[in-house]
There are 2 protein chains.
Amino acid sequence: MRALVTGAEGFAGRHLVRHLLECGDEVAGVGLHVAPEFLDLGRGVFTFHELDICDNAACARVISEFKPEVIYHLAAVAFVPEAESDFDRVLRINVGGTNNIARVCHLLQSGVTLLYVSSAEVYGCFSPEHLPLTEEAPLRPVNNYSLSKLMGELVVDRYARGGYMRAVVVRPFNHIGPGQDVRFVVSSFAEQLARVAKGKAQPLLRVGNLEAQRDFSDVRDIVRGYRLAALKGDGVYNLCSGRPVSIRAVLDMLIEIAGLKVAVEREPGRMRPVDIPVMYGSCEKAQRELGWKAARDLRDTLAEIYREKCRELGTLR
Amino acid sequence: MRALVTGAEGFAGRHLVRHLLECGDEVAGVGLHVAPEFLDLGRGVFTFHELDICDNAACARVISEFKPEVIYHLAAVAFVPEAESDFDRVLRINVGGTNNIARVCHLLQSGVTLLYVSSAEVYGCFSPEHLPLTEEAPLRPVNNYSLSKLMGELVVDRYARGGYMRAVVVRPFNHIGPGQDVRFVVSSFAEQLARVAKGKAQPLLRVGNLEAQRDFSDVRDIVRGYRLAALKGDGVYNLCSGRPVSIRAVLDMLIEIAGLKVAVEREPGRMRPVDIPVMYGSCEKAQRELGWKAARDLRDTLAEIYREKCRELGTLR
């Protein structure tokens with residue numbers, strides 16, 4: 001299977017590339033800059049193309065040359081506060097970039113499958129009676145990031161109606177794993193703990209809202225879902241564990257894994273302006289139609305993230 | 001009532017400014033350049049501010065200085081084929097511009113009413129069983145313009161949820177009247193006929209798809225609806241006549257009004273790629289909640305448009 005991955009150098013992108021190669025796919029990654037780990041990959045099965053997703057002509061050239069059977073479109077501004085600070089940029093990259101990719105798929109008339117990575121954030125400001133969130137829940141995005149992800153769904157849907165391509169949309173809930181940016185909560189906790197373990201920081205953790213409950217999956221489960229959705233899916237799929245876990249519970253597990261005694265301090269700057277108290281999804285559709293289910297244990301994933309942070313700091317405990 | 005109008009120099013904008021002034025409102029128009037007819041308006045009740053809707057700081061400055069009670073947000077790329085040629089520009093102006101205005105309304109916390117002019121185009125690719133289109137019909141935009149108008153609705157909705165402003169959305173169907181750009185079908189027919197009448201052209205009209213049926217209203221009925229929606233509305237309102245008229249019937253009326261014998265030639269370049277055969281709306285909600293109904297006779301409006309085109313060509317018949 002010839003697969004093209006946009007945002008290949010991002011967190012989920014790198015895991016997806018690895019998974020596709022393991023499945024025997026021939027992969028072209030596109031992104032702003034090549035990830036160092038890509039340099040070790042076999043030349044025959046993996047190529048990387050430096051490309052700005054906003055560059056329409058470059059997108060068209062790479063896609064028409066590589067002739068993918070599936071395009072996994074992940075490239076996006078993915079950090080909510082970063083998106084919040086510049087709507088025009090988010091429009092250009094997340095919406096305009098999606099338009100570039102979807103339009104090329106349409107114009108090529110090659111029957112390519114476009115797997116669009118949306119986000120559970122599109123459910124936005126839902127009512128508690130909609131929990132667990134199914135794909136039918138109302139869509140009420142309340143920040144720039146979630147708006148842009150829903151706008152991307154509209155763009156993909158528009159071109160899919162043309163009949164020359166297949167489009168599948170996935171809405172992943174929170175996903176974590178090795179290699180995630182420390183701006184994201186779990187990675188931030190793990191790094192702070194690793195610094196304490198190495199004696200590089202006081203035993204004090206700075207945290208945001210610990211009461212919020214979210215639906216966490218391992219990024220490797222999530223990217224496995226991307227491939228299944230691309231191959232067998234039709235429509236929109238939630239990808240999630242189906243159960244809410246509080247940020248506090250995640251923190252407690254990480255502290256236990258680290259075996260440290262630390263104080264915890266709330267920092268107002270880490271609170272999101274519109275924070276939804278409890279959010280979790282139903283992955284019943286993905287289970288039924290794709291045979292997908294989140295398989296990895298949360299605790300194992302957390303332990304792996306912590307070990308990675310320690311390794312990065314040169315402390316193997 | 002202090003009213004600010006974006007896109008004031010546009011087709012609907014000019015009619016809206018006139019209507020608001022007739023209602024006794026104090027009006028600030030903003031737009032890229034002042035319309036010549038604005039120069040005659042009384043200084044005390046009307047001011048014009050040259051402003052690019054994409055300029056966030058300029059939007060914030062004008063709005064916070066003028067302190068409007070209602071903002072009518074009309075500024076947009078409004079011609080479908082123009083929007084089709086440059087998605088990034090449409091994103092920047094139609095979606096980013098709406099974000100600038102809505103965000104200022106939210107941040108000011110002044111309880112201002114934002115009247116967002118969306119479009120019936122957001123219904124897009126509907127099924128015949130949805131006719132006449134109510135506000136509850138599915139939204140399946142199939143071109144850049146309609147996508148951008150729906151994205152603008154999402155942006156407005158996002159900020160309205162913040163609770164610091166009121167937002168009302170109108171979805172006007174086709175509207176016509178004096179002063180419309182000749183890229184739009186009725187204005188184009190009228191101008192071609194006026195040129196024939198003046199002996200400036202052969203008696204041959206170039207037309208697109210004559211079989212398409214659309215829901216036409218007079219622009220003055222439509223802008224009257226904008227004000228009623230802003231003052232009394234809640235949610236989304238279709239503004240339309242409620243009955244479909246074929247483009248052929250419009251053309252026949254115009255030819256009869258002109259009293260000319262002309263040949264008609266179809267021109268493929270004037271056909272839209274995705275043309276919906278029959279489209280008309282239900283304005284039942286606007287009628288019930290706003291007491292609004294399209295009042296002007298189509299034939300009278302067409303006659304007025306034709307007379308204007310003749311005047312512009314120096315031929316008063």
# chains A, B, ... in the order shown; residues from 1 in each chain; ligands from 1
call {"tool": "interface_residues", "arguments": {"of": "chain A", "to": "chain B", "cutoff": "10 Å", "atoms": "only C-alpha atoms", "output": "PyMOL selection string"}}
result
chain A and resi 54+87-93+95-97+99-100+124-125+139-144+147-148+150-152+154-155+157-162+274
call {"tool": "residues_around", "arguments": {"residues": "B:Glu308", "least_positions_apart": "6", "cutoff": "12 Å", "atoms": "only C-alpha atoms", "output": "ChimeraX atom specification"}}
result
/B:177-180,187,190-191,193-195,258,301-302,314-317
call {"tool": "closest_atom_pairs", "arguments": {"of": "stretch 122-234 of chain A", "to": "stretch 19-34 of chain A", "cutoff": "10 Å", "atoms": "only C-alpha atoms", "output": "CSV"}}
result
residue,atom,partner,partner_atom,distance
A:Arg220,CA,A:His19,CA,7.8
A:Asp221,CA,A:His19,CA,9.9
A:Val223,CA,A:His19,CA,7.3
A:Arg224,CA,A:His19,CA,7.0
A:Tyr226,CA,A:Leu20,CA,9.9
A:Arg227,CA,A:Leu20,CA,7.6
call {"tool": "select_by_dssp", "arguments": {"residues": "stretch 79-151 of chain B", "states": "strand (DSSP E or B)", "output": "PyMOL selection string"}}
result
chain B and resi 113-117+124+133+140
call {"tool": "residues_around", "arguments": {"residues": "stretch 211-216 of chain A", "least_positions_apart": "4", "cutoff": "10 Å", "atoms": "only C-alpha atoms", "output": "PDB file with C-alpha atoms, in the first residue's frame"}}
result
ATOM      1  CA  ALA A 120     -12.645  15.084  19.525  1.00  0.00           C
ATOM      2  CA  PRO A 172      -9.075  11.025  18.149  1.00  0.00           C
ATOM      3  CA  PHE A 173      -9.489  11.891  21.816  1.00  0.00           C
ATOM      4  CA  ASN A 174      -6.420  12.685  23.951  1.00  0.00           C
ATOM      5  CA  HIS A 175      -3.474  10.544  22.975  1.00  0.00           C
ATOM      6  CA  ILE A 176      -0.158  10.256  24.689  1.00  0.00           C
ATOM      7  CA  VAL A 186       1.228  14.215  30.473  1.00  0.00           C
ATOM      8  CA  LEU A 239     -10.874   6.869  18.447  1.00  0.00           C
ATOM      9  CA  CYS A 240     -10.753   6.709  22.224  1.00  0.00           C
ATOM     10  CA  SER A 241     -10.559   4.417  25.212  1.00  0.00           C
ATOM     11  CA  GLY A 242     -14.155   5.068  26.231  1.00  0.00           C
ATOM     12  CA  ARG A 243     -13.383   5.884  29.851  1.00  0.00           C
ATOM     13  CA  PRO A 244     -12.649   9.143  31.649  1.00  0.00           C
ATOM     14  CA  VAL A 245      -9.557   9.469  33.815  1.00  0.00           C
ATOM     15  CA  SER A 246      -8.858  12.588  35.859  1.00  0.00           C
ATOM     16  CA  ILE A 247      -5.643  14.504  35.284  1.00  0.00           C
ATOM     17  CA  ARG A 248      -5.041  13.978  39.011  1.00  0.00           C
ATOM     18  CA  ALA A 249      -5.178  10.195  38.558  1.00  0.00           C
ATOM     19  CA  VAL A 250      -2.668  10.421  35.721  1.00  0.00           C
ATOM     20  CA  ASP A 275     -12.293  23.907  30.401  1.00  0.00           C
ATOM     21  CA  ILE A 276     -14.789  21.120  30.027  1.00  0.00           C
ATOM     22  CA  PRO A 277     -14.957  19.122  33.284  1.00  0.00           C
ATOM     23  CA  VAL A 278     -15.536  15.602  31.951  1.00  0.00           C
ATOM     24  CA  MET A 279     -15.037  14.386  28.403  1.00  0.00           C
ATOM     25  CA  TYR A 280     -14.939  10.860  27.059  1.00  0.00           C
ATOM     26  CA  GLY A 281     -16.094   9.185  23.927  1.00  0.00           C
ATOM     27  CA  SER A 282     -17.707   6.068  22.607  1.00  0.00           C
ATOM     28  CA  ALA A 294      -7.538   0.801  22.348  1.00  0.00           C
ATOM     29  CA  LEU A 298      -2.515   3.527  30.467  1.00  0.00           C
TER      30      LEU A 298
END
call {"tool": "residues_around", "arguments": {"residues": "B:Lys261", "least_positions_apart": "2", "cutoff": "10 Å", "atoms": "only C-alpha atoms", "output": "list in words"}}
result
Leu193, Val196, Ala197, Pro203, Leu204, Ile255, Glu256, Ala258, Gly259, Ala263 and Val264 of chain B
call {"tool": "select_by_dssp", "arguments": {"residues": "stretch 108-277 of chain B", "states": "helix (DSSP H, G or I)", "output": "PyMOL selection string"}}
result
chain B and resi 108+120-123+128-130+144-160+185-197+219-232+247-258+268-270
call {"tool": "atom_distance", "arguments": {"atom1": "atom CA of B:Glu136", "atom2": "atom CA of B:Ala75"}}
result
25.2 Å
call {"tool": "atom_distance", "arguments": {"atom1": "atom CA of B:Ala201", "atom2": "atom CA of B:Arg299"}}
result
24.1 Å
call {"tool": "atom_distance", "arguments": {"atom1": "atom CA of A:Cys59", "atom2": "atom CA of A:Asn238"}}
result
27.5 Å
